[in-house]
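Engineer: I'd like to ask you about the structure that follows.
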Protein chains: 2
Amino acid sequence: MSDSPPAPRPEARSPRGFSDRRGPDALAERRIVQALAPVYERWGFEPLETGAFEYADALGKFLPDADRPNEGVFALQDDDDQWMALRYDLTAPLARYAAQNWETLPKPFRRYAYGPVWRNEKPGPGRFREFWQCDADTVGSDRPEADAEIIAMALEGLDALGLGGGQAVIKIASRKLVNGVLQAAGVDGQAQTLTVLRAIDKLDRLGTEGVALLLGEGRLDESGDFTRGAGLGRPGIDAVLSFLSVPADGERGAVLSALDPIVGATPAGAEGLRDLQRIDQALKAFGVGASARFDPAVVRGLEYYTGAVFESELLADTRDDKGRPVRFGSIVGGGRYDGLVARFTGQEVPATGASFGVSRLAATLRAAGLDGAAAARGPVVVIVFTDEDMGAYLAAAAELRAAGVRAEVYMGRAGMKAQMKYADRRGAPAAVILGGDEIAAGQVTIKDLDAGRAAAAAVADHEAWKSQRPGQFTVSRDHLTAAVLKILE
Amino acid sequence: MSDSPPAPRPEARSPRGFSDRRGPDALAERRIVQALAPVYERWGFEPLETGAFEYADALGKFLPDADRPNEGVFALQDDDDQWMALRYDLTAPLARYAAQNWETLPKPFRRYAYGPVWRNEKPGPGRFREFWQCDADTVGSDRPEADAEIIAMALEGLDALGLGGGQAVIKIASRKLVNGVLQAAGVDGQAQTLTVLRAIDKLDRLGTEGVALLLGEGRLDESGDFTRGAGLGRPGIDAVLSFLSVPADGERGAVLSALDPIVGATPAGAEGLRDLQRIDQALKAFGVGASARFDPAVVRGLEYYTGAVFESELLADTRDDKGRPVRFGSIVGGGRYDGLVARFTGQEVPATGASFGVSRLAATLRAAGLDGAAAARGPVVVIVFTDEDMGAYLAAAAELRAAGVRAEVYMGRAGMKAQMKYADRRGAPAAVILGGDEIAAGQVTIKDLDAGRAAAAAVADHEAWKSQRPGQFTVSRDHLTAAVLKILE
């Protein structure tokens, strides 16, 4: 024996912001992407798998610096001193891949991808550092119809997830229209543009009055902090506010007509209106009606997107099992972007895409009891009495499996009572009992655990319950599989 | 405009040892786990998902040290200074999870898991730093029947992958039998035991003669290096060699009979034989015949496993498209292990499991042309002529998709010839042509690209080819979907 002291025992815990999921919960993300992937495939998008790591310089916006190499991403230095980082989304790897293989790809390049992404952020309740996305992008097409395709496909994806039939809509806006209203409002230069965009981006949180202040001189918040505004005059502020308040619940053509007097006279606005007209026509060709709306107040990621932008909104009233409303965050969103490939090649390549927030959706569906996980059943459990009869137990389970029934033999060393508890905790629909007497008589006893639970709830007297043994019956061994299949019906 | 120089362009490249895969190749791993997961489910195993990261101390054998914190794993320090590392297999996260949740888990705990694992090793041809595994383990059962179950399930998995019907066998051995022969050979103490195990482990590479030298005084290799041996005498060496050379091609019972005189008199050997007898009986109850064999020369991971060990061997003659034999590495292997949970809790918990090398299998199937990827077809491509008729193109594609046909409208700006080339590169079965004439006449022209390729190969004269336009025909627009479906038949 060695004289060195035993190594201290590590504590069994998972890193902060990473989750373990067992049973049906473990499959939630996979179920979602298995619903979305066939939709993407049907629209001609092909799968792309890239590695979890990218070189940090290729990821771009999260370049590591000497002080905080892990800012936003999980980064580490390779043997050759190059910094690599885990992907934080699926768009950056696409841009790298497209730039690397541009000459040999069929163009436009339609691809979909799904899987985990990682963000090195402060974890919290419901905020994880690893989560799944499911993206589809068209790289190399400047046609508005390519945007329309992505939008119609996202709606088909929502439908495949059980969120069709008017339960969700997609709201569409355009960065070009915003550029138009900036031109109409006399916004000038990068700094002022950025301040206006950031003011608009706060519409949800601050309302029109708050945004008006931020467009003008500035805003004093409750804590006493003053945010300097963009310095627009009254006409400029009014132009922006009238743009944002165009009613979005009408027909798509009506929204465009209402926007025309506000932005139609500017070059960017006119171009934006033309794009949205083409998107409207394409959506009509796809048979997409009121589930896709034009809404100028969608101001998501305006610093990032260059053309159409869109996001989903859930209209269905979803509640958890305690009747509390469950708020769905954005399930799917996207838009047209440029420059991602140009970062590598210098060549502008137009691109448009959508991203489903798979983990967020899974968590919400779970909270709302809409994920079907509760319906998932455990395996039939064959009870074990003696080592000698093990062959009979194993053969019974094998016979059930051959008939497509999930079945297992209890593999522990505990007694009958503990085994029944085990079967219960596994969500087993039935337990199969092959005691010595049953085997000798060519019979098998089957406990219908659902019926037993229901009957036990109905029978008040414990003695009566014991004598009746509800849900338990004995059949010829030949009829095992048929009897179990009947229970599973 | 800003005066600062533009940021230098990063080079578009993926980190060493990580691969990009497009189209059918991207789905190879997923196709494999989608075949295996239902088998695991049917046997009562439930899915478990854990995060990509574990705390480095929980991973155990690759503890980071001050000099080389990344030894073997991808490790980094969290904000709170704890070292975390990407999982290098799926067993270590299981051990951590089981230890963390032991009190509340149904026991024995049967789980399966799949996904990428990461190894920070020197990449090379066919050697990646990210690859997929697909594991099933039973934690908390010491029954040999639990081992038999894992083995029978692995065979069912091979069957589900198209490697059934005698194309693959599983060879089973036992660490306990090896302990028996160590006892019979008079091996004493940890150091000598380790030297003998490492000698046995070289059987594949050095043959019996080389192993005999390493069991005795030592071995001088070609480069002139001398490896000191275990120092066994002739009787000890003979015992080990006779153990390793027991013919393994016979019936399982016959192999046990042949092993009995060699190891049956030792306590460990007798226990090992009893275990294998029970495994044999259980396999019989599952209906598993000659596809599971006992073979004492299976010496995989003897330092790790504590009971039964097994690995698959492919018998089928697999060749790549140039007729060269393709060697399948171990597709699936596993065995019984202890101590993984005890590392955390101090409590010994018996466990047994199997791991499929999903990425290795995918790569080999690909090399052998057995992955069905070549059969995957691209989408039908609708050709684009004018912006005005875009609605007609989009509607045609939507109609095809509604009939379940993969279909897309070309979204680029190139001419007819380039679009046909695009359709060809996409593997499109057909191109749909809706020129102005066709639309005016209520017709559509369909190019059957497969038929066209075949006909073009048969028609020698280019002028004849042009006048005949093989594989191209015009139908009433109403018959578009029916005509395309006929091509896809």
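Labels for the structure tokens follow display order: chains A, B, ..., residues from 1 in each chain, ligands from 1.
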Enumerate, as a list of chain:residue names, the complete set of residues in segment 121-289 of chain B that a backbone-based DSSP assignment places in strand (DSSP E).
Structural biologist: B:Glu130, B:Phe131, B:Trp132, B:Gln133, B:Cys134, B:Asp135, B:Ala136, B:Asp137, B:Thr138, B:Val139, B:Ala168, B:Val169, B:Ile170, B:Lys171, B:Ile172, B:Ala173, B:Ser174, B:Gly218, B:Arg219, B:Leu220, B:Phe226, B:Thr227, B:Arg228
Engineer: Give me, as an MDAnalysis selection string, all polymer residues having an atom no more than 7 Å from Phe53 of chain B, counting only C-alpha atoms and skipping those fewer than 6 positions away in the same chain.
Structural biologist: (chainID A and resid 15) or (chainID B and resid 84:87)
Engineer: Please compute the atom CA of Ser330 of chain B-atom CA of Ser359 of chain B distance, one decimal, in Å.
Structural biologist: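 These atoms are spaced 11.6 Å apart.
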Engineer: If I take atom CA of Glu209 of chain A and atom CA of Glu303 of chain A, how far is one from the other in Å, to one decimal?
Structural biologist: 22.3 Å
Engineer: Which residue out of A:Glu145, A:Asp448, A:Glu222, A:Asp89 has the minimum interatomic distance to chain B when only C-alpha atoms are used?
Structural biologist: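 Among the listed residues, the smallest separation from chain B belongs to A:Glu145.
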Engineer: When distances are computed from only C-alpha atoms, which of A:Ala173, A:Leu340, A:Leu155, A:Ala392 shows the smallest separation from chain B?
Structural biologist: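 The shortest atom-to-atom distance to chain B comes from A:Ala392.
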Engineer: As JSON, numbers by chain, please: every residue in segment 253-472 of chain B that a backbone DSSP assignment puts in alpha helix (DSSP H).
Structural biologist: {"B": [253, 254, 255, 256, 257, 258, 259, 260, 261, 262, 263, 267, 268, 269, 270, 271, 272, 273, 274, 275, 276, 277, 278, 279, 280, 281, 282, 283, 284, 285, 342, 343, 344, 345, 358, 359, 360, 361, 362, 363, 364, 365, 366, 367, 390, 391, 392, 393, 394, 395, 396, 397, 398, 399, 400, 401, 402, 416, 417, 418, 419, 420, 421, 422, 423, 424, 425, 436, 437, 438, 439, 440, 441, 449, 450, 451, 452, 453, 454, 455, 456, 457, 458, 462, 463, 464, 465, 466, 467, 468]}
Engineer: Quick one: of B:Ala270, B:Ile331, B:Leu361, B:Ala396, who's nearest to chain A, counting only C-alpha atoms?
Structural biologist: B:Ala396
Engineer: Counting only C-alpha atoms, which of B:Gly23, B:Pro379, B:Gly124, B:Pro93 gets nearest to Leu449 of chain B?
Structural biologist: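 The shortest atom-to-atom distance to Leu449 of chain B comes from B:Pro379.
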Engineer: Find the residues near Gln472 of chain A: any atom within 10 Å, counting only C-alpha atoms, skip ones fewer than 2 places away on the same chain, and give them as a ChimeraX atom specification.
Structural biologist: /A:430-433,445-449,451-452,468-470,474
Engineer: Take the selection from the previous step and output its residues with all heavy atoms, as a CSV table (one decimal), in the first residue's frame.
Structural biologist:
chain,number,residue,atom,x,y,z
A,430,ALA,N,-46.6,-0.2,-16.3
A,430,ALA,CA,-47.0,-1.5,-15.7
A,430,ALA,C,-45.8,-2.2,-15.1
A,430,ALA,O,-44.6,-1.9,-15.5
A,430,ALA,CB,-47.5,-2.4,-16.8
A,431,ALA,N,-46.0,-3.1,-14.1
A,431,ALA,CA,-45.0,-3.9,-13.6
A,431,ALA,C,-45.3,-5.4,-13.9
A,431,ALA,O,-46.5,-5.7,-13.9
A,431,ALA,CB,-44.8,-3.7,-12.1
A,432,VAL,N,-44.3,-6.1,-14.3
A,432,VAL,CA,-44.5,-7.5,-14.6
A,432,VAL,C,-44.0,-8.4,-13.5
A,432,VAL,O,-42.8,-8.3,-13.1
A,432,VAL,CB,-43.8,-7.9,-16.0
A,432,VAL,CG1,-43.8,-9.4,-16.2
A,432,VAL,CG2,-44.4,-7.1,-17.1
A,433,ILE,N,-44.8,-9.3,-13.0
A,433,ILE,CA,-44.4,-10.1,-11.8
A,433,ILE,C,-44.4,-11.6,-12.2
A,433,ILE,O,-45.4,-12.1,-12.7
A,433,ILE,CB,-45.4,-9.9,-10.7
A,433,ILE,CG1,-45.4,-8.4,-10.2
A,433,ILE,CG2,-45.1,-10.8,-9.5
A,433,ILE,CD1,-46.5,-8.0,-9.3
A,445,THR,N,-48.2,-12.3,-13.7
A,445,THR,CA,-49.1,-11.2,-13.1
A,445,THR,C,-48.7,-9.9,-13.6
A,445,THR,O,-47.4,-9.6,-13.6
A,445,THR,CB,-49.1,-11.3,-11.5
A,445,THR,OG1,-49.6,-12.6,-11.1
A,445,THR,CG2,-49.9,-10.2,-10.9
A,446,ILE,N,-49.6,-9.1,-13.9
A,446,ILE,CA,-49.3,-7.7,-14.5
A,446,ILE,C,-50.0,-6.7,-13.6
A,446,ILE,O,-51.2,-6.8,-13.3
A,446,ILE,CB,-49.8,-7.6,-15.9
A,446,ILE,CG1,-49.0,-8.6,-16.8
A,446,ILE,CG2,-49.6,-6.2,-16.4
A,446,ILE,CD1,-49.7,-8.8,-18.1
A,447,LYS,N,-49.3,-5.7,-13.1
A,447,LYS,CA,-49.9,-4.6,-12.4
A,447,LYS,C,-50.0,-3.4,-13.3
A,447,LYS,O,-49.0,-2.9,-13.9
A,447,LYS,CB,-48.9,-4.2,-11.2
A,447,LYS,CG,-49.3,-4.7,-9.9
A,447,LYS,CD,-48.3,-4.3,-8.9
A,447,LYS,CE,-48.8,-3.7,-7.6
A,447,LYS,NZ,-49.7,-4.4,-6.8
A,448,ASP,N,-51.2,-3.0,-13.6
A,448,ASP,CA,-51.5,-1.8,-14.4
A,448,ASP,C,-51.4,-0.7,-13.4
A,448,ASP,O,-52.2,-0.4,-12.6
A,448,ASP,CB,-52.9,-1.9,-15.0
A,448,ASP,CG,-53.3,-0.7,-15.8
A,448,ASP,OD1,-52.7,0.4,-15.6
A,448,ASP,OD2,-54.2,-0.8,-16.7
A,449,LEU,N,-50.2,0.0,-13.5
A,449,LEU,CA,-49.9,1.0,-12.4
A,449,LEU,C,-50.8,2.2,-12.5
A,449,LEU,O,-51.1,2.8,-11.5
A,449,LEU,CB,-48.4,1.4,-12.5
A,449,LEU,CG,-47.5,0.2,-12.2
A,449,LEU,CD1,-46.0,0.6,-12.4
A,449,LEU,CD2,-47.7,-0.3,-10.7
A,451,ALA,N,-54.0,2.2,-13.6
A,451,ALA,CA,-55.3,1.8,-13.1
A,451,ALA,C,-55.2,1.6,-11.6
A,451,ALA,O,-56.1,2.0,-10.8
A,451,ALA,CB,-55.7,0.5,-13.8
A,452,GLY,N,-54.1,1.1,-11.1
A,452,GLY,CA,-53.9,0.9,-9.7
A,452,GLY,C,-53.9,2.2,-8.9
A,452,GLY,O,-54.5,2.4,-7.9
A,468,GLN,N,-58.7,-6.3,-2.8
A,468,GLN,CA,-59.1,-6.2,-4.2
A,468,GLN,C,-57.9,-6.2,-5.1
A,468,GLN,O,-58.0,-6.5,-6.3
A,468,GLN,CB,-60.0,-4.9,-4.4
A,468,GLN,CG,-61.4,-5.0,-3.8
A,468,GLN,CD,-62.0,-3.6,-3.8
A,468,GLN,OE1,-61.7,-2.8,-4.6
A,468,GLN,NE2,-63.0,-3.4,-2.9
A,469,ARG,N,-56.8,-5.6,-4.6
A,469,ARG,CA,-55.6,-5.4,-5.5
A,469,ARG,C,-56.0,-4.8,-6.8
A,469,ARG,O,-55.8,-5.4,-7.9
A,469,ARG,CB,-54.9,-6.8,-5.7
A,469,ARG,CG,-54.2,-7.3,-4.4
A,469,ARG,CD,-53.5,-8.6,-4.7
A,469,ARG,NE,-52.8,-9.1,-3.5
A,469,ARG,CZ,-51.6,-8.7,-3.1
A,469,ARG,NH1,-50.9,-7.9,-3.8
A,469,ARG,NH2,-51.1,-9.2,-2.0
A,470,PRO,N,-56.5,-3.6,-6.8
A,470,PRO,CA,-57.0,-3.0,-8.0
A,470,PRO,C,-55.8,-2.9,-9.1
A,470,PRO,O,-54.7,-2.6,-8.7
A,470,PRO,CB,-57.4,-1.6,-7.6
A,470,PRO,CG,-56.8,-1.3,-6.3
A,470,PRO,CD,-56.5,-2.7,-5.7
A,474,THR,N,-53.8,-11.7,-13.5
A,474,THR,CA,-52.9,-12.7,-13.9
A,474,THR,C,-53.4,-13.4,-15.2
A,474,THR,O,-54.6,-13.6,-15.3
A,474,THR,CB,-52.8,-13.8,-12.7
A,474,THR,OG1,-52.3,-13.2,-11.6
A,474,THR,CG2,-51.9,-14.9,-13.1
Engineer: Can you pull out every residue within 12 Å of Ser141 of chain A, counting only C-alpha atoms, but drop anything in the same chain fewer than 4 positions away, and send it as a compact mmCIF listing (two decimals) with N, CA and C atoms, in the first residue's frame?
Structural biologist:
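Output saved as around-v9.txt:
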# COMPACT_ATOMS: atom_id res chain seq x y z
N PRO A 106 -21.86 26.87 -53.77
CA PRO A 106 -22.93 27.30 -54.66
C PRO A 106 -23.51 28.59 -54.10
N LYS A 107 -23.73 29.58 -54.98
CA LYS A 107 -24.17 30.89 -54.48
C LYS A 107 -25.47 31.30 -55.14
N PRO A 108 -26.43 31.89 -54.44
CA PRO A 108 -26.41 32.16 -53.00
C PRO A 108 -26.32 30.88 -52.19
N PHE A 109 -25.75 31.00 -50.99
CA PHE A 109 -25.54 29.84 -50.12
C PHE A 109 -26.60 29.87 -49.04
N ARG A 110 -27.48 28.85 -49.08
CA ARG A 110 -28.52 28.72 -48.06
C ARG A 110 -28.07 27.66 -47.07
N ASP A 137 -29.84 30.99 -42.80
CA ASP A 137 -29.35 32.21 -43.44
C ASP A 137 -29.14 31.98 -44.93
N GLU A 145 -36.82 39.31 -51.82
CA GLU A 145 -37.52 38.03 -51.76
C GLU A 145 -36.78 37.03 -50.88
N ALA A 146 -35.46 37.17 -50.77
CA ALA A 146 -34.71 36.29 -49.87
C ALA A 146 -35.09 36.57 -48.42
N ASP A 147 -35.36 37.85 -48.09
CA ASP A 147 -35.85 38.19 -46.75
C ASP A 147 -37.24 37.58 -46.54
N ALA A 148 -38.09 37.73 -47.57
CA ALA A 148 -39.47 37.23 -47.46
C ALA A 148 -39.47 35.72 -47.22
N GLU A 149 -38.55 35.04 -47.89
CA GLU A 149 -38.42 33.60 -47.75
C GLU A 149 -38.09 33.23 -46.31
N ILE A 150 -37.13 33.96 -45.73
CA ILE A 150 -36.72 33.69 -44.35
C ILE A 150 -37.91 33.92 -43.41
N ARG A 336 -31.73 41.42 -42.31
CA ARG A 336 -30.68 41.51 -43.33
C ARG A 336 -29.46 42.21 -42.74
N TYR A 337 -28.31 41.65 -43.00
CA TYR A 337 -27.07 42.21 -42.46
C TYR A 337 -25.99 42.17 -43.52
N ASP A 338 -25.03 43.05 -43.40
CA ASP A 338 -23.91 43.09 -44.34
C ASP A 338 -22.62 43.09 -43.56
N GLU A 348 -18.10 43.05 -49.96
CA GLU A 348 -19.43 43.10 -49.35
C GLU A 348 -20.27 41.93 -49.85
N VAL A 349 -20.81 41.15 -48.95
CA VAL A 349 -21.68 40.04 -49.33
C VAL A 349 -23.00 40.19 -48.58
N PRO A 350 -24.10 40.45 -49.31
CA PRO A 350 -25.38 40.63 -48.61
C PRO A 350 -25.85 39.30 -48.01
N ALA A 351 -26.49 39.39 -46.85
CA ALA A 351 -26.95 38.17 -46.18
C ALA A 351 -28.21 38.48 -45.40
N THR A 352 -29.02 37.46 -45.21
CA THR A 352 -30.26 37.62 -44.45
C THR A 352 -30.55 36.31 -43.74
N GLY A 353 -31.10 36.40 -42.53
CA GLY A 353 -31.31 35.16 -41.80
C GLY A 353 -32.22 35.32 -40.60
N VAL B 409 -36.41 28.96 -54.96
CA VAL B 409 -36.22 29.87 -56.09
C VAL B 409 -34.77 30.35 -56.03
N TYR B 410 -34.10 30.38 -57.18
CA TYR B 410 -32.74 30.92 -57.24
C TYR B 410 -32.78 32.38 -56.80
N MET B 411 -31.95 32.75 -55.85
CA MET B 411 -32.05 34.09 -55.27
C MET B 411 -30.90 35.01 -55.67
N GLY B 412 -30.06 34.54 -56.60
CA GLY B 412 -28.95 35.39 -57.02
C GLY B 412 -29.37 36.29 -58.19
N ARG B 413 -28.36 36.83 -58.89
CA ARG B 413 -28.62 37.78 -59.97
C ARG B 413 -28.00 37.30 -61.28
N ALA B 414 -27.61 36.03 -61.36
CA ALA B 414 -26.90 35.54 -62.54
C ALA B 414 -27.89 35.08 -63.61
Engineer: Give me, as a PDB file with C-alpha atoms, in the first residue's frame, all polymer residues having an atom no more than 12 Å from Asp450 of chain A, counting only C-alpha atoms and skipping those fewer than 3 positions away in the same chain.
Structural biologist:
ATOM      1  CA  ARG A 377     -44.042   7.297 -20.166  1.00  0.00           C
ATOM      2  CA  GLY A 378     -41.368   5.226 -18.508  1.00  0.00           C
ATOM      3  CA  VAL A 380     -42.441  -1.441 -18.193  1.00  0.00           C
ATOM      4  CA  ALA A 423     -41.332   1.402 -11.051  1.00  0.00           C
ATOM      5  CA  ASP A 424     -43.520   4.240  -9.858  1.00  0.00           C
ATOM      6  CA  GLY A 427     -43.194   6.449 -14.562  1.00  0.00           C
ATOM      7  CA  ALA A 428     -43.718   2.799 -15.531  1.00  0.00           C
ATOM      8  CA  PRO A 429     -47.161   2.059 -16.999  1.00  0.00           C
ATOM      9  CA  ALA A 430     -46.996  -1.527 -15.726  1.00  0.00           C
ATOM     10  CA  ALA A 431     -44.965  -3.926 -13.595  1.00  0.00           C
ATOM     11  CA  ILE A 446     -49.314  -7.736 -14.461  1.00  0.00           C
ATOM     12  CA  LYS A 447     -49.863  -4.627 -12.382  1.00  0.00           C
ATOM     13  CA  ARG A 453     -53.195   4.539  -8.860  1.00  0.00           C
ATOM     14  CA  ALA A 454     -56.684   5.564  -9.989  1.00  0.00           C
ATOM     15  CA  ALA A 455     -58.336   2.722  -8.080  1.00  0.00           C
ATOM     16  CA  ALA A 456     -56.284   3.358  -4.957  1.00  0.00           C
ATOM     17  CA  ALA A 457     -57.497   6.933  -5.006  1.00  0.00           C
ATOM     18  CA  PRO A 470     -56.963  -3.005  -8.041  1.00  0.00           C
ATOM     19  CA  GLY A 471     -55.224  -2.939 -11.402  1.00  0.00           C
ATOM     20  CA  GLN A 472     -53.557  -6.308 -10.844  1.00  0.00           C
ATOM     21  CA  ILE A 487     -52.623  -1.372 -21.053  1.00  0.00           C
ATOM     22  CA  LEU A 488     -50.541   0.944 -23.244  1.00  0.00           C
TER      23      LEU A 488
END
Engineer: Tell me which protein, DNA and RNA residues are within 8 Å of segment 400-405 of chain A, counting only C-alpha atoms, leaving out same-chain ones fewer than 2 positions away, and put them as an mmCIF file with C-alpha atoms, in the first residue's frame.
Structural biologist:
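Contents of the output file selection23.cif:
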data_model
loop_
_atom_site.group_PDB
_atom_site.id
_atom_site.type_symbol
_atom_site.label_atom_id
_atom_site.label_comp_id
_atom_site.auth_asym_id
_atom_site.auth_seq_id
_atom_site.Cartn_x
_atom_site.Cartn_y
_atom_site.Cartn_z
ATOM 1 C CA PRO A 379 -40.519 1.629 -19.362
ATOM 2 C CA VAL A 380 -42.441 -1.441 -18.193
ATOM 3 C CA ALA A 396 -40.004 -11.374 -20.655
ATOM 4 C CA ALA A 397 -38.409 -7.929 -21.060
ATOM 5 C CA ALA A 398 -36.814 -8.964 -24.370
ATOM 6 C CA ALA A 407 -39.136 -2.586 -20.984
ATOM 7 C CA THR A 481 -47.207 -8.969 -24.558
ATOM 8 C CA LEU A 485 -50.017 -3.663 -25.202
ATOM 9 C CA ARG B 42 -36.465 0.750 -25.617
ATOM 10 C CA TRP B 43 -34.158 -0.827 -23.034
#
Engineer: Which residue, B:Ala395, B:Val196, B:Met420, B:Leu232, has the smallest gap to chain A when you use only C-alpha atoms?
Structural biologist: B:Ala395
Engineer: Looking at B:Leu394, B:Leu177, B:Leu214, B:Ala368, which one is nearest to chain A, with distances taken over only C-alpha atoms?
Structural biologist: B:Leu394
